[in-house]
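Accompanying notes for the structure given below.
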Amino acid sequence: MYLDSEKKKEIFAKHGKSNTDTGSSEGQIALFSYRISHLTEHLKLNKKDYSTERSLKILVGKRRRLLNYLVDRDISRYRAIIKELGIRK
(Lines give C-alpha, C1' and ligand atoms only; values in the text may rest on other atoms or scores of the structure.)
Protein backbone atom coordinates (compact mmCIF):
# COMPACT_ATOMS: atom_id res chain seq x y z
CA MET A 1 0.00 0.00 0.00
CA TYR A 2 1.26 3.46 -0.82
CA LEU A 3 0.37 4.96 2.56
CA ASP A 4 1.17 2.76 5.55
CA SER A 5 1.31 3.75 9.20
CA GLU A 6 5.06 4.40 9.10
CA LYS A 7 4.66 6.88 6.26
CA LYS A 8 1.84 8.64 8.13
CA LYS A 9 3.99 8.91 11.26
CA GLU A 10 6.79 10.36 9.17
CA ILE A 11 4.48 12.97 7.62
CA PHE A 12 3.02 13.97 10.99
CA ALA A 13 6.46 14.10 12.62
CA LYS A 14 7.75 16.40 9.88
CA HIS A 15 4.76 18.75 9.62
CA GLY A 16 2.86 18.34 12.89
CA LYS A 17 3.93 18.89 16.45
CA SER A 18 4.85 15.21 16.93
CA ASN A 19 4.36 11.90 15.14
CA THR A 20 1.24 11.16 17.22
CA ASP A 21 -0.33 14.61 16.71
CA THR A 22 -2.73 13.70 13.92
CA GLY A 23 -5.16 16.52 14.63
CA SER A 24 -3.00 19.52 13.78
CA SER A 25 -4.03 21.40 10.67
CA GLU A 26 -0.51 21.37 9.25
CA GLY A 27 -0.25 17.60 9.59
CA GLN A 28 -3.61 17.01 7.97
CA ILE A 29 -2.79 19.37 5.11
CA ALA A 30 0.52 17.58 4.54
CA LEU A 31 -1.23 14.19 4.54
CA PHE A 32 -3.87 15.42 2.08
CA SER A 33 -1.12 16.84 -0.15
CA TYR A 34 0.67 13.49 -0.20
CA ARG A 35 -2.54 11.68 -1.10
CA ILE A 36 -3.40 14.29 -3.76
CA SER A 37 -0.02 13.88 -5.44
CA HIS A 38 -0.42 10.08 -5.45
CA LEU A 39 -3.91 10.27 -6.98
CA THR A 40 -2.72 12.80 -9.56
CA GLU A 41 -0.01 10.42 -10.73
CA HIS A 42 -2.58 7.62 -10.91
CA LEU A 43 -4.91 9.73 -13.04
CA LYS A 44 -2.12 10.58 -15.48
CA LEU A 45 -1.95 6.88 -16.34
CA ASN A 46 -5.70 6.10 -16.02
CA LYS A 47 -7.56 8.97 -17.61
CA LYS A 48 -11.01 7.35 -17.45
CA ASP A 49 -10.94 6.44 -13.76
CA TYR A 50 -13.79 8.74 -12.76
CA SER A 51 -14.20 7.47 -9.20
CA THR A 52 -10.58 8.37 -8.45
CA GLU A 53 -11.13 11.74 -10.08
CA ARG A 54 -14.07 12.35 -7.77
CA SER A 55 -12.00 11.30 -4.74
CA LEU A 56 -9.25 13.69 -5.81
CA LYS A 57 -11.71 16.59 -6.04
CA ILE A 58 -13.05 15.78 -2.56
CA LEU A 59 -9.51 15.73 -1.11
CA VAL A 60 -8.64 19.04 -2.75
CA GLY A 61 -11.78 20.56 -1.23
CA LYS A 62 -10.94 19.24 2.24
CA ARG A 63 -7.41 20.64 1.99
CA ARG A 64 -8.77 23.99 0.78
CA ARG A 65 -11.16 24.19 3.76
CA LEU A 66 -8.30 23.47 6.18
CA LEU A 67 -6.16 26.12 4.51
CA ASN A 68 -9.01 28.64 4.77
CA TYR A 69 -9.30 27.75 8.47
CA LEU A 70 -5.59 28.45 8.94
CA VAL A 71 -5.89 31.80 7.14
CA ASP A 72 -8.61 32.85 9.58
CA ARG A 73 -6.80 31.59 12.69
CA ASP A 74 -3.09 32.17 12.14
CA ILE A 75 -1.75 33.64 8.90
CA SER A 76 1.89 32.90 9.77
CA ARG A 77 1.20 29.16 10.12
CA TYR A 78 -0.66 29.30 6.79
CA ARG A 79 2.25 30.98 5.04
CA ALA A 80 4.71 28.50 6.52
CA ILE A 81 2.81 25.42 5.39
CA ILE A 82 2.17 26.88 1.92
CA LYS A 83 5.86 27.59 1.47
CA GLU A 84 6.95 24.24 2.87
CA LEU A 85 4.62 22.15 0.70
CA GLY A 86 4.77 24.36 -2.38
CA ILE A 87 1.00 24.74 -2.64
CA ARG A 88 -0.36 27.58 -4.76
CA LYS A 89 -3.76 29.13 -4.42
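Numbering starts fresh at 1 for the residues of each chain in the C-alpha coordinates, the chains themselves are lettered A, B, ... in the order given, and ligands are numbered from 1 as they appear.
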DSSP on the backbone, then: every residue of chain A marked helix (DSSP H, G or I), written as a ChimeraX atom specification.
/A:5-15,25-45,50-73,75-85
What's the 9 Å shell around Thr20 of chain A, counting only C-alpha atoms, without same-chain residues fewer than 6 positions away, as an NGL selection string?
:A and (9 or 12-13)
Store the residues picked out above, limited to N, CA, C and O atoms, as a tab-separated table (two decimals), in the first residue's frame.
```
chain	number	residue	atom	x	y	z
A	9	LYS	N	3.23	8.40	10.11
A	9	LYS	CA	3.99	8.91	11.26
A	9	LYS	C	5.10	9.85	10.81
A	9	LYS	O	5.36	10.87	11.44
A	12	PHE	N	3.45	13.20	9.82
A	12	PHE	CA	3.02	13.97	10.99
A	12	PHE	C	4.20	14.44	11.83
A	12	PHE	O	4.15	15.51	12.43
A	13	ALA	N	5.28	13.67	11.87
A	13	ALA	CA	6.46	14.10	12.62
A	13	ALA	C	7.11	15.30	11.94
A	13	ALA	O	7.61	16.21	12.61
```
Near segment 69-82 of chain A, within 8 Å and counting only C-alpha atoms, which residues show up once chain neighbours fewer than 6 positions away are dropped, as a PyMOL selection string?
chain A and resi 25-26+88
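Near Tyr2 of chain A, within a cut-off of 10 Å and counting only C-alpha atoms, sit the residues A:Lys7, A:Arg35, A:His38, with same-chain residues fewer than 4 positions away left out.
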Quick one: write out the picked residues with C-alpha atoms as a short mmCIF file (atom, residue, chain, number, x, y, z; two decimals), in the first residue's frame?
```
data_model
loop_
_atom_site.label_atom_id
_atom_site.label_comp_id
_atom_site.auth_asym_id
_atom_site.auth_seq_id
_atom_site.Cartn_x
_atom_site.Cartn_y
_atom_site.Cartn_z
CA LYS A 7 4.66 6.88 6.26
CA ARG A 35 -2.54 11.68 -1.10
CA HIS A 38 -0.42 10.08 -5.45
#
```
Compare A:Arg63, A:Lys83, A:Lys89, A:Lys57 by their minimum atom-to-atom distance to Ser33 of chain A, counting only C-alpha atoms, and give me the closest one.
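That would be A:Arg63, the residue with the smallest distance to Ser33 of chain A.
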